[in-house]
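Pasted below: work_26.txt, compact mmCIF, N, CA and C atoms.
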```txt
# COMPACT_ATOMS: atom_id res chain seq x y z
N MET E 30 31.86 48.45 4.54
CA MET E 30 31.83 48.75 5.95
C MET E 30 30.60 48.11 6.58
N ILE E 31 30.78 47.62 7.80
CA ILE E 31 29.67 47.09 8.57
C ILE E 31 29.11 48.22 9.41
N ARG E 32 27.80 48.40 9.31
CA ARG E 32 27.11 49.41 10.12
C ARG E 32 26.26 48.69 11.15
N ALA E 33 26.64 48.83 12.41
CA ALA E 33 25.90 48.21 13.51
C ALA E 33 25.13 49.29 14.25
N VAL E 34 23.90 48.96 14.59
CA VAL E 34 23.04 49.88 15.33
C VAL E 34 22.45 49.13 16.51
N LEU E 35 22.55 49.73 17.69
CA LEU E 35 21.85 49.23 18.87
C LEU E 35 20.66 50.14 19.09
N TYR E 36 19.53 49.55 19.44
CA TYR E 36 18.31 50.32 19.67
C TYR E 36 18.00 50.37 21.15
N ARG E 37 17.68 51.57 21.65
CA ARG E 37 17.28 51.79 23.04
C ARG E 37 15.86 52.33 23.05
N ASP E 38 15.14 52.01 24.13
CA ASP E 38 13.82 52.61 24.28
C ASP E 38 13.94 53.88 25.13
N GLY E 39 12.84 54.50 25.42
CA GLY E 39 12.84 55.74 26.18
C GLY E 39 13.22 55.57 27.64
N HIS E 40 13.39 54.32 28.09
CA HIS E 40 13.77 54.03 29.47
C HIS E 40 15.22 53.57 29.57
N ASP E 41 16.00 53.81 28.51
CA ASP E 41 17.43 53.47 28.45
C ASP E 41 17.68 51.97 28.45
N ARG E 42 16.67 51.18 28.02
CA ARG E 42 16.84 49.72 27.88
C ARG E 42 17.23 49.42 26.44
N LEU E 43 18.14 48.50 26.26
CA LEU E 43 18.44 48.01 24.91
C LEU E 43 17.29 47.11 24.48
N VAL E 44 16.78 47.35 23.28
CA VAL E 44 15.63 46.58 22.80
C VAL E 44 15.93 45.81 21.52
N GLY E 45 17.15 45.94 20.98
CA GLY E 45 17.49 45.18 19.79
C GLY E 45 18.71 45.76 19.09
N PHE E 46 18.98 45.19 17.92
CA PHE E 46 20.14 45.63 17.14
C PHE E 46 19.93 45.29 15.67
N SER E 47 20.74 45.93 14.84
CA SER E 47 20.81 45.55 13.43
C SER E 47 22.25 45.71 12.97
N VAL E 48 22.63 44.89 12.02
CA VAL E 48 23.93 45.00 11.36
C VAL E 48 23.71 44.84 9.86
N LYS E 49 24.53 45.55 9.10
CA LYS E 49 24.42 45.47 7.65
C LYS E 49 25.76 45.79 7.03
N GLY E 50 26.08 45.05 5.98
CA GLY E 50 27.29 45.33 5.22
C GLY E 50 28.37 44.30 5.42
N HIS E 51 29.45 44.53 4.73
CA HIS E 51 30.65 43.69 4.82
C HIS E 51 31.82 44.61 5.10
N SER E 52 32.73 44.15 5.91
CA SER E 52 33.79 45.04 6.36
C SER E 52 34.79 45.41 5.26
N GLY E 53 35.10 44.47 4.40
CA GLY E 53 36.13 44.73 3.40
C GLY E 53 37.54 44.65 3.97
N TYR E 54 37.66 44.11 5.17
CA TYR E 54 38.97 43.99 5.82
C TYR E 54 39.86 42.98 5.09
N ALA E 55 39.26 41.90 4.62
CA ALA E 55 40.01 40.85 3.91
C ALA E 55 39.05 40.16 2.95
N GLU E 56 39.60 39.22 2.17
CA GLU E 56 38.77 38.48 1.23
C GLU E 56 37.72 37.66 1.97
N GLU E 57 36.60 37.42 1.28
CA GLU E 57 35.55 36.60 1.85
C GLU E 57 36.12 35.25 2.26
N GLY E 58 35.76 34.81 3.44
CA GLY E 58 36.28 33.56 3.98
C GLY E 58 37.51 33.76 4.85
N SER E 59 38.13 34.93 4.75
CA SER E 59 39.31 35.23 5.56
C SER E 59 39.14 36.52 6.36
N ASP E 60 37.96 37.06 6.37
CA ASP E 60 37.70 38.36 6.98
C ASP E 60 37.37 38.20 8.46
N ILE E 61 38.35 38.49 9.31
CA ILE E 61 38.16 38.31 10.75
C ILE E 61 37.19 39.32 11.34
N VAL E 62 37.06 40.48 10.71
CA VAL E 62 36.14 41.49 11.22
C VAL E 62 34.70 41.05 10.99
N CYS E 63 34.40 40.59 9.77
CA CYS E 63 33.05 40.07 9.48
C CYS E 63 32.74 38.87 10.38
N SER E 64 33.73 38.02 10.55
CA SER E 64 33.53 36.84 11.41
C SER E 64 33.23 37.25 12.84
N ALA E 65 33.95 38.24 13.35
CA ALA E 65 33.73 38.68 14.73
C ALA E 65 32.33 39.25 14.91
N VAL E 66 31.88 40.07 13.98
CA VAL E 66 30.53 40.64 14.06
C VAL E 66 29.49 39.53 13.98
N SER E 67 29.70 38.58 13.09
CA SER E 67 28.77 37.46 12.95
C SER E 67 28.69 36.65 14.24
N VAL E 68 29.82 36.34 14.82
CA VAL E 68 29.84 35.55 16.05
C VAL E 68 29.12 36.30 17.18
N LEU E 69 29.41 37.58 17.32
CA LEU E 69 28.76 38.36 18.39
C LEU E 69 27.25 38.40 18.21
N THR E 70 26.79 38.70 17.02
CA THR E 70 25.35 38.89 16.81
C THR E 70 24.57 37.58 16.83
N ILE E 71 25.10 36.56 16.20
CA ILE E 71 24.41 35.27 16.18
C ILE E 71 24.41 34.64 17.57
N THR E 72 25.51 34.77 18.29
CA THR E 72 25.55 34.26 19.67
C THR E 72 24.56 35.01 20.54
N CYS E 73 24.41 36.30 20.33
CA CYS E 73 23.43 37.07 21.11
C CYS E 73 22.02 36.56 20.85
N VAL E 74 21.65 36.39 19.58
CA VAL E 74 20.31 35.89 19.25
C VAL E 74 20.11 34.50 19.84
N ASN E 75 21.06 33.61 19.64
CA ASN E 75 20.92 32.24 20.15
C ASN E 75 20.87 32.21 21.68
N SER E 76 21.64 33.07 22.34
CA SER E 76 21.65 33.11 23.80
C SER E 76 20.37 33.72 24.37
N LEU E 77 19.80 34.70 23.66
CA LEU E 77 18.51 35.22 24.10
C LEU E 77 17.50 34.09 24.18
N GLU E 78 17.53 33.20 23.19
CA GLU E 78 16.60 32.07 23.19
C GLU E 78 16.98 31.01 24.22
N ALA E 79 18.25 30.57 24.18
CA ALA E 79 18.66 29.43 25.00
C ALA E 79 18.83 29.78 26.48
N VAL E 80 19.31 30.96 26.78
CA VAL E 80 19.60 31.33 28.16
C VAL E 80 18.44 32.08 28.81
N CYS E 81 17.84 33.00 28.05
CA CYS E 81 16.80 33.87 28.60
C CYS E 81 15.39 33.35 28.35
N GLY E 82 15.24 32.42 27.42
CA GLY E 82 13.91 31.97 27.05
C GLY E 82 13.13 33.02 26.29
N VAL E 83 13.83 33.93 25.64
CA VAL E 83 13.22 35.03 24.88
C VAL E 83 13.44 34.76 23.40
N THR E 84 12.37 34.76 22.64
CA THR E 84 12.50 34.58 21.19
C THR E 84 12.43 35.95 20.53
N PRO E 85 13.60 36.47 20.10
CA PRO E 85 13.59 37.79 19.48
C PRO E 85 12.92 37.75 18.11
N LEU E 86 12.45 38.90 17.68
CA LEU E 86 11.89 39.05 16.34
C LEU E 86 13.08 39.29 15.41
N VAL E 87 13.36 38.32 14.55
CA VAL E 87 14.58 38.34 13.74
C VAL E 87 14.23 38.45 12.27
N SER E 88 14.99 39.29 11.58
CA SER E 88 14.88 39.36 10.13
C SER E 88 16.29 39.47 9.57
N GLY E 89 16.45 39.00 8.36
CA GLY E 89 17.76 39.03 7.73
C GLY E 89 17.60 39.09 6.23
N GLY E 90 18.70 39.23 5.56
CA GLY E 90 18.63 39.31 4.11
C GLY E 90 20.02 39.44 3.52
N SER E 91 20.05 40.07 2.39
CA SER E 91 21.30 40.19 1.65
C SER E 91 22.19 41.26 2.28
N ASP E 92 23.42 41.30 1.83
CA ASP E 92 24.42 42.28 2.25
C ASP E 92 24.71 42.21 3.74
N GLY E 93 24.68 41.00 4.30
CA GLY E 93 25.03 40.82 5.71
C GLY E 93 24.02 41.39 6.68
N TYR E 94 22.78 41.57 6.26
CA TYR E 94 21.77 42.20 7.10
C TYR E 94 21.20 41.23 8.12
N LEU E 95 21.18 41.67 9.39
CA LEU E 95 20.54 40.93 10.46
C LEU E 95 19.95 41.94 11.43
N LYS E 96 18.69 41.76 11.77
CA LYS E 96 18.04 42.61 12.76
C LYS E 96 17.34 41.71 13.76
N ALA E 97 17.49 42.03 15.04
CA ALA E 97 16.82 41.29 16.11
C ALA E 97 16.28 42.29 17.12
N MET E 98 15.00 42.13 17.45
CA MET E 98 14.34 43.02 18.40
C MET E 98 13.69 42.17 19.49
N LEU E 99 13.72 42.66 20.71
CA LEU E 99 13.07 41.96 21.81
C LEU E 99 11.55 42.06 21.65
N PRO E 100 10.85 40.98 21.95
CA PRO E 100 9.39 41.07 21.96
C PRO E 100 8.94 41.78 23.24
N ALA E 101 7.72 42.21 23.26
CA ALA E 101 7.17 42.84 24.46
C ALA E 101 5.85 42.18 24.78
N PRO E 102 5.50 42.08 26.01
CA PRO E 102 6.29 42.44 27.19
C PRO E 102 7.17 41.27 27.63
N LEU E 103 8.16 41.58 28.43
CA LEU E 103 9.02 40.55 29.03
C LEU E 103 8.84 40.61 30.54
N ASP E 104 8.90 39.45 31.19
CA ASP E 104 8.86 39.48 32.64
C ASP E 104 10.19 40.03 33.16
N ALA E 105 10.24 40.39 34.42
CA ALA E 105 11.40 41.08 35.00
C ALA E 105 12.70 40.28 34.84
N GLN E 106 12.65 38.98 35.08
CA GLN E 106 13.87 38.17 34.98
C GLN E 106 14.36 38.07 33.54
N ALA E 107 13.45 37.81 32.61
CA ALA E 107 13.83 37.72 31.19
C ALA E 107 14.37 39.05 30.70
N ASP E 108 13.77 40.16 31.13
CA ASP E 108 14.25 41.48 30.72
C ASP E 108 15.65 41.73 31.26
N HIS E 109 15.85 41.39 32.53
CA HIS E 109 17.18 41.56 33.13
C HIS E 109 18.23 40.76 32.35
N ASP E 110 17.94 39.49 32.10
CA ASP E 110 18.89 38.63 31.39
C ASP E 110 19.14 39.14 29.97
N ALA E 111 18.09 39.59 29.30
CA ALA E 111 18.25 40.13 27.94
C ALA E 111 19.11 41.38 27.95
N GLN E 112 18.95 42.22 29.00
CA GLN E 112 19.77 43.42 29.09
C GLN E 112 21.25 43.08 29.28
N VAL E 113 21.53 42.03 30.04
CA VAL E 113 22.92 41.59 30.23
C VAL E 113 23.51 41.14 28.89
N LEU E 114 22.76 40.33 28.15
CA LEU E 114 23.27 39.85 26.86
C LEU E 114 23.43 40.98 25.85
N LEU E 115 22.46 41.86 25.76
CA LEU E 115 22.57 42.98 24.82
C LEU E 115 23.67 43.95 25.26
N GLY E 116 23.88 44.06 26.56
CA GLY E 116 25.00 44.86 27.06
C GLY E 116 26.34 44.28 26.66
N ALA E 117 26.46 42.96 26.72
CA ALA E 117 27.69 42.29 26.29
C ALA E 117 27.90 42.48 24.79
N LEU E 118 26.82 42.41 24.01
CA LEU E 118 26.92 42.69 22.57
C LEU E 118 27.41 44.12 22.35
N HIS E 119 26.88 45.06 23.11
CA HIS E 119 27.30 46.46 23.00
C HIS E 119 28.81 46.58 23.23
N VAL E 120 29.32 45.96 24.27
CA VAL E 120 30.75 46.02 24.57
C VAL E 120 31.56 45.43 23.41
N GLY E 121 31.15 44.27 22.91
CA GLY E 121 31.88 43.63 21.82
C GLY E 121 31.88 44.46 20.55
N LEU E 122 30.72 44.99 20.16
CA LEU E 122 30.65 45.81 18.95
C LEU E 122 31.40 47.13 19.13
N ARG E 123 31.32 47.72 20.32
CA ARG E 123 32.06 48.95 20.59
C ARG E 123 33.56 48.73 20.45
N ASP E 124 34.04 47.63 21.02
CA ASP E 124 35.47 47.34 20.94
C ASP E 124 35.91 47.10 19.49
N LEU E 125 35.08 46.38 18.72
CA LEU E 125 35.41 46.19 17.30
C LEU E 125 35.42 47.50 16.55
N ALA E 126 34.44 48.36 16.80
CA ALA E 126 34.36 49.64 16.12
C ALA E 126 35.57 50.52 16.46
N GLU E 127 36.06 50.42 17.68
CA GLU E 127 37.24 51.18 18.07
C GLU E 127 38.51 50.60 17.45
N SER E 128 38.64 49.29 17.43
CA SER E 128 39.85 48.64 16.93
C SER E 128 39.93 48.59 15.41
N TYR E 129 38.78 48.55 14.76
CA TYR E 129 38.72 48.43 13.30
C TYR E 129 37.84 49.54 12.72
N ALA E 130 38.14 50.78 13.15
CA ALA E 130 37.30 51.94 12.81
C ALA E 130 37.01 52.09 11.31
N PRO E 131 37.90 51.81 10.43
CA PRO E 131 37.54 51.99 9.01
C PRO E 131 36.57 50.92 8.50
N TYR E 132 36.35 49.87 9.27
CA TYR E 132 35.60 48.71 8.79
C TYR E 132 34.26 48.48 9.50
N VAL E 133 34.13 49.05 10.71
CA VAL E 133 32.91 48.86 11.51
C VAL E 133 32.51 50.19 12.15
N THR E 134 31.23 50.53 12.06
CA THR E 134 30.71 51.67 12.82
C THR E 134 29.62 51.16 13.75
N LEU E 135 29.48 51.84 14.87
CA LEU E 135 28.43 51.51 15.83
C LEU E 135 27.71 52.78 16.21
N SER E 136 26.39 52.73 16.15
CA SER E 136 25.59 53.86 16.63
C SER E 136 24.49 53.31 17.53
N ILE E 137 23.95 54.21 18.33
CA ILE E 137 22.83 53.85 19.21
C ILE E 137 21.69 54.79 18.85
N GLN E 138 20.54 54.19 18.58
CA GLN E 138 19.36 54.96 18.20
C GLN E 138 18.22 54.69 19.18
N GLU E 139 17.47 55.74 19.45
CA GLU E 139 16.30 55.56 20.30
C GLU E 139 15.13 55.11 19.44
N ARG E 140 14.43 54.10 19.93
CA ARG E 140 13.22 53.60 19.26
C ARG E 140 12.03 54.20 19.97
N ARG E 141 11.22 54.92 19.26
CA ARG E 141 10.08 55.59 19.88
C ARG E 141 8.87 54.67 20.03
N GLU E 142 8.73 53.70 19.13
CA GLU E 142 7.57 52.83 19.24
C GLU E 142 7.76 51.82 20.35
N THR E 143 6.69 51.33 20.90
CA THR E 143 6.71 50.35 21.98
C THR E 143 7.21 49.02 21.47
N GLN E 144 8.14 48.43 22.22
CA GLN E 144 8.68 47.11 21.85
C GLN E 144 8.11 46.07 22.75
```

Go ahead and express the file in the form of structure tokens.
Amino acid sequence: MIRAVLYRDGHDRLVGFSVKGHSGYAEEGSDIVCSAVSVLTITCVNSLEAVCGVTPLVSGGSDGYLKAMLPAPLDAQADHDAQVLLGALHVGLRDLAESYAPYVTLSIQERRETQ
């Protein structure tokens, strides 16, 4: 199962995300659920950089792990644009979690530390 987490700060702003796991929907190389999560998350990271001019703090590793957090501080325009992109990621992951419930979960966690 893929476990996706969106992180919010105390001001209801999205400040990052993490994903971990493999869906198990199909064999490796044919798994549309894993592919969809990969496309959404990698496009979000790349778009934060290319469209918003924001370089997220990214870490990754084994078992499909990817984490990206917004740096702080961001100017008003970059923050607005980052919120739009992270909001689109939220919609995409939510829809996947609803359509492929046994294979993807989505949760939202509050981050208490300053981002």

TODO: Pick out the residues sitting within 6.5 Å of stretch 94-110 of chain E, and hand them over as a PyMOL selection string; count all atoms listed in the file, and ignore anything fewer than 4 positions along from it in its own chain.
DONE: chain E and resi 44-50+81+84-90+114-115+144

- [ ] Find the residues near E:Pro131: any atom within 7 Å, counting all atoms listed in the file, skip ones fewer than 2 places away on the same chain, and give them as a ChimeraX atom specification.
- [x] /E:30-31,52,126,128-129,133-134

Open item on the list: I'd like to know which of E:Gln112, E:Asp92, E:Ser64, E:Ala79 is closest to E:Arg42, using all atoms listed in the file.
Closed with: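 Nearest candidate to E:Arg42 out of E:Gln112, E:Asp92, E:Ser64, E:Ala79: E:Gln112.
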
Task: Selection near stretch 119-124 of chain E, 8 Å with only C-alpha atoms, sequence-local residues under 2 positions removed, as a list in words - done: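 Within the cut-off, the hits are Ala33, Leu35, Val66, Leu69, Leu115, Gly116, Ala117, Ala126, Glu127, Ser128 and Leu135 of chain E.
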
TODO: For E:Val80, please output as a ChimeraX atom specification all residues within 8 Å (counting all atoms listed in the file; exclusion window: fewer than 3 positions along the same chain).
DONE: /E:74-77,83,107,110-111

Open item on the list: From a backbone DSSP assignment, name each residue in chain E labelled helix (DSSP H, G or I), as a PyMOL selection string.
Closed with: chain E and resi 61-79+105-128

- [ ] For atom CA of E:Gly82 and atom CA of E:Ile61, determine how far apart the two atoms are, in Å to one decimal place.
- [x]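 Value for the atom CA of E:Gly82-atom CA of E:Ile61 distance: 29.9 Å.
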
TODO: Would you mind telling me which residue in E:Ser67, E:Ser91, E:Arg37, E:Tyr132 lies nearest to E:Tyr54 when using only N, CA and C atoms?
DONE: E:Tyr132

Task: Filtered DSSP result for chain E, state strand (DSSP E), as JSON, numbers by chain - done: {"E": [31, 32, 33, 34, 35, 36, 37, 43, 44, 45, 46, 47, 48, 49, 86, 87, 88, 89, 95, 96, 97, 98, 133, 134, 135, 136, 137, 138, 139]}

Open item on the list: Rounded to one decimal, what separation in Å do you get between atom CA of E:Arg32 and atom CA of E:Ala65?
Closed with: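 Those two atoms sit 13.4 Å apart.
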
Task: Computed interatomic separation between atom CA of E:Leu118 and atom N of E:Val62 (Å) - done: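 Atom-to-atom, atom CA of E:Leu118 and atom N of E:Val62 are spaced 15.8 Å apart.
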
- [ ] Considering only N, CA and C atoms, state which residue in the set E:Ile71, E:Val113, E:Gly93, E:Val34 is at the smallest distance from E:Ser136.
- [x]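 Going through E:Ile71, E:Val113, E:Gly93, E:Val34 one by one, the smallest distance to E:Ser136 is for E:Val34.
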
Would you mind writing stretch 91-102 of chain E with all heavy atoms, as a PDB file, keeping the file's coordinate frame?
```
ATOM      1  N   SER E  91      20.050  40.070   2.390  1.00  0.00           N
ATOM      2  CA  SER E  91      21.300  40.190   1.650  1.00  0.00           C
ATOM      3  C   SER E  91      22.190  41.260   2.280  1.00  0.00           C
ATOM      4  O   SER E  91      21.782  42.020   3.153  1.00  0.00           O
ATOM      5  CB  SER E  91      21.008  40.543   0.192  1.00  0.00           C
ATOM      6  OG  SER E  91      20.323  41.772   0.121  1.00  0.00           O
ATOM      7  N   ASP E  92      23.420  41.300   1.830  1.00  0.00           N
ATOM      8  CA  ASP E  92      24.420  42.280   2.250  1.00  0.00           C
ATOM      9  C   ASP E  92      24.710  42.210   3.740  1.00  0.00           C
ATOM     10  O   ASP E  92      24.917  43.226   4.394  1.00  0.00           O
ATOM     11  CB  ASP E  92      24.001  43.703   1.840  1.00  0.00           C
ATOM     12  CG  ASP E  92      25.184  44.675   1.873  1.00  0.00           C
ATOM     13  OD1 ASP E  92      26.337  44.239   1.675  1.00  0.00           O
ATOM     14  OD2 ASP E  92      24.954  45.877   2.112  1.00  0.00           O
ATOM     15  N   GLY E  93      24.680  41.000   4.300  1.00  0.00           N
ATOM     16  CA  GLY E  93      25.030  40.820   5.710  1.00  0.00           C
ATOM     17  C   GLY E  93      24.020  41.390   6.680  1.00  0.00           C
ATOM     18  O   GLY E  93      24.367  41.665   7.821  1.00  0.00           O
ATOM     19  N   TYR E  94      22.780  41.570   6.260  1.00  0.00           N
ATOM     20  CA  TYR E  94      21.770  42.200   7.100  1.00  0.00           C
ATOM     21  C   TYR E  94      21.200  41.230   8.120  1.00  0.00           C
ATOM     22  O   TYR E  94      20.807  40.120   7.780  1.00  0.00           O
ATOM     23  CB  TYR E  94      20.638  42.750   6.234  1.00  0.00           C
ATOM     24  CG  TYR E  94      19.531  43.396   7.028  1.00  0.00           C
ATOM     25  CD1 TYR E  94      19.726  44.619   7.666  1.00  0.00           C
ATOM     26  CD2 TYR E  94      18.298  42.780   7.160  1.00  0.00           C
ATOM     27  CE1 TYR E  94      18.709  45.209   8.399  1.00  0.00           C
ATOM     28  CE2 TYR E  94      17.281  43.362   7.896  1.00  0.00           C
ATOM     29  CZ  TYR E  94      17.493  44.579   8.509  1.00  0.00           C
ATOM     30  OH  TYR E  94      16.489  45.157   9.237  1.00  0.00           O
ATOM     31  N   LEU E  95      21.180  41.670   9.390  1.00  0.00           N
ATOM     32  CA  LEU E  95      20.540  40.930  10.460  1.00  0.00           C
ATOM     33  C   LEU E  95      19.950  41.940  11.430  1.00  0.00           C
ATOM     34  O   LEU E  95      20.636  42.899  11.832  1.00  0.00           O
ATOM     35  CB  LEU E  95      21.538  40.035  11.206  1.00  0.00           C
ATOM     36  CG  LEU E  95      21.010  39.312  12.450  1.00  0.00           C
ATOM     37  CD1 LEU E  95      19.911  38.318  12.084  1.00  0.00           C
ATOM     38  CD2 LEU E  95      22.143  38.613  13.186  1.00  0.00           C
ATOM     39  N   LYS E  96      18.690  41.760  11.770  1.00  0.00           N
ATOM     40  CA  LYS E  96      18.040  42.610  12.760  1.00  0.00           C
ATOM     41  C   LYS E  96      17.340  41.710  13.760  1.00  0.00           C
ATOM     42  O   LYS E  96      16.691  40.739  13.385  1.00  0.00           O
ATOM     43  CB  LYS E  96      17.023  43.531  12.097  1.00  0.00           C
ATOM     44  CG  LYS E  96      16.355  44.492  13.072  1.00  0.00           C
ATOM     45  CD  LYS E  96      15.447  45.462  12.326  1.00  0.00           C
ATOM     46  CE  LYS E  96      14.849  46.480  13.272  1.00  0.00           C
ATOM     47  NZ  LYS E  96      13.985  47.436  12.545  1.00  0.00           N
ATOM     48  N   ALA E  97      17.490  42.030  15.040  1.00  0.00           N
ATOM     49  CA  ALA E  97      16.820  41.290  16.110  1.00  0.00           C
ATOM     50  C   ALA E  97      16.280  42.290  17.120  1.00  0.00           C
ATOM     51  O   ALA E  97      17.010  43.179  17.573  1.00  0.00           O
ATOM     52  CB  ALA E  97      17.794  40.331  16.783  1.00  0.00           C
ATOM     53  N   MET E  98      15.000  42.130  17.450  1.00  0.00           N
ATOM     54  CA  MET E  98      14.340  43.020  18.400  1.00  0.00           C
ATOM     55  C   MET E  98      13.690  42.170  19.490  1.00  0.00           C
ATOM     56  O   MET E  98      13.167  41.087  19.208  1.00  0.00           O
ATOM     57  CB  MET E  98      13.272  43.863  17.701  1.00  0.00           C
ATOM     58  CG  MET E  98      13.806  44.738  16.575  1.00  0.00           C
ATOM     59  SD  MET E  98      14.996  45.994  17.093  1.00  0.00           S
ATOM     60  CE  MET E  98      13.962  47.058  18.074  1.00  0.00           C
ATOM     61  N   LEU E  99      13.720  42.660  20.710  1.00  0.00           N
ATOM     62  CA  LEU E  99      13.070  41.960  21.810  1.00  0.00           C
ATOM     63  C   LEU E  99      11.550  42.060  21.650  1.00  0.00           C
ATOM     64  O   LEU E  99      11.038  43.117  21.274  1.00  0.00           O
ATOM     65  CB  LEU E  99      13.458  42.580  23.161  1.00  0.00           C
ATOM     66  CG  LEU E  99      14.907  42.459  23.586  1.00  0.00           C
ATOM     67  CD1 LEU E  99      15.113  43.164  24.928  1.00  0.00           C
ATOM     68  CD2 LEU E  99      15.336  41.006  23.668  1.00  0.00           C
ATOM     69  N   PRO E 100      10.850  40.980  21.950  1.00  0.00           N
ATOM     70  CA  PRO E 100       9.390  41.070  21.960  1.00  0.00           C
ATOM     71  C   PRO E 100       8.940  41.780  23.240  1.00  0.00           C
ATOM     72  O   PRO E 100       9.706  41.921  24.189  1.00  0.00           O
ATOM     73  CB  PRO E 100       8.969  39.599  21.976  1.00  0.00           C
ATOM     74  CG  PRO E 100      10.075  38.914  22.697  1.00  0.00           C
ATOM     75  CD  PRO E 100      11.334  39.656  22.311  1.00  0.00           C
ATOM     76  N   ALA E 101       7.720  42.210  23.260  1.00  0.00           N
ATOM     77  CA  ALA E 101       7.170  42.840  24.460  1.00  0.00           C
ATOM     78  C   ALA E 101       5.850  42.180  24.780  1.00  0.00           C
ATOM     79  O   ALA E 101       5.151  41.736  23.883  1.00  0.00           O
ATOM     80  CB  ALA E 101       6.978  44.339  24.241  1.00  0.00           C
ATOM     81  N   PRO E 102       5.500  42.080  26.010  1.00  0.00           N
ATOM     82  CA  PRO E 102       6.290  42.440  27.190  1.00  0.00           C
ATOM     83  C   PRO E 102       7.170  41.270  27.630  1.00  0.00           C
ATOM     84  O   PRO E 102       6.931  40.131  27.255  1.00  0.00           O
ATOM     85  CB  PRO E 102       5.208  42.711  28.236  1.00  0.00           C
ATOM     86  CG  PRO E 102       4.100  41.764  27.868  1.00  0.00           C
ATOM     87  CD  PRO E 102       4.134  41.674  26.366  1.00  0.00           C
TER      88      PRO E 102
END
```
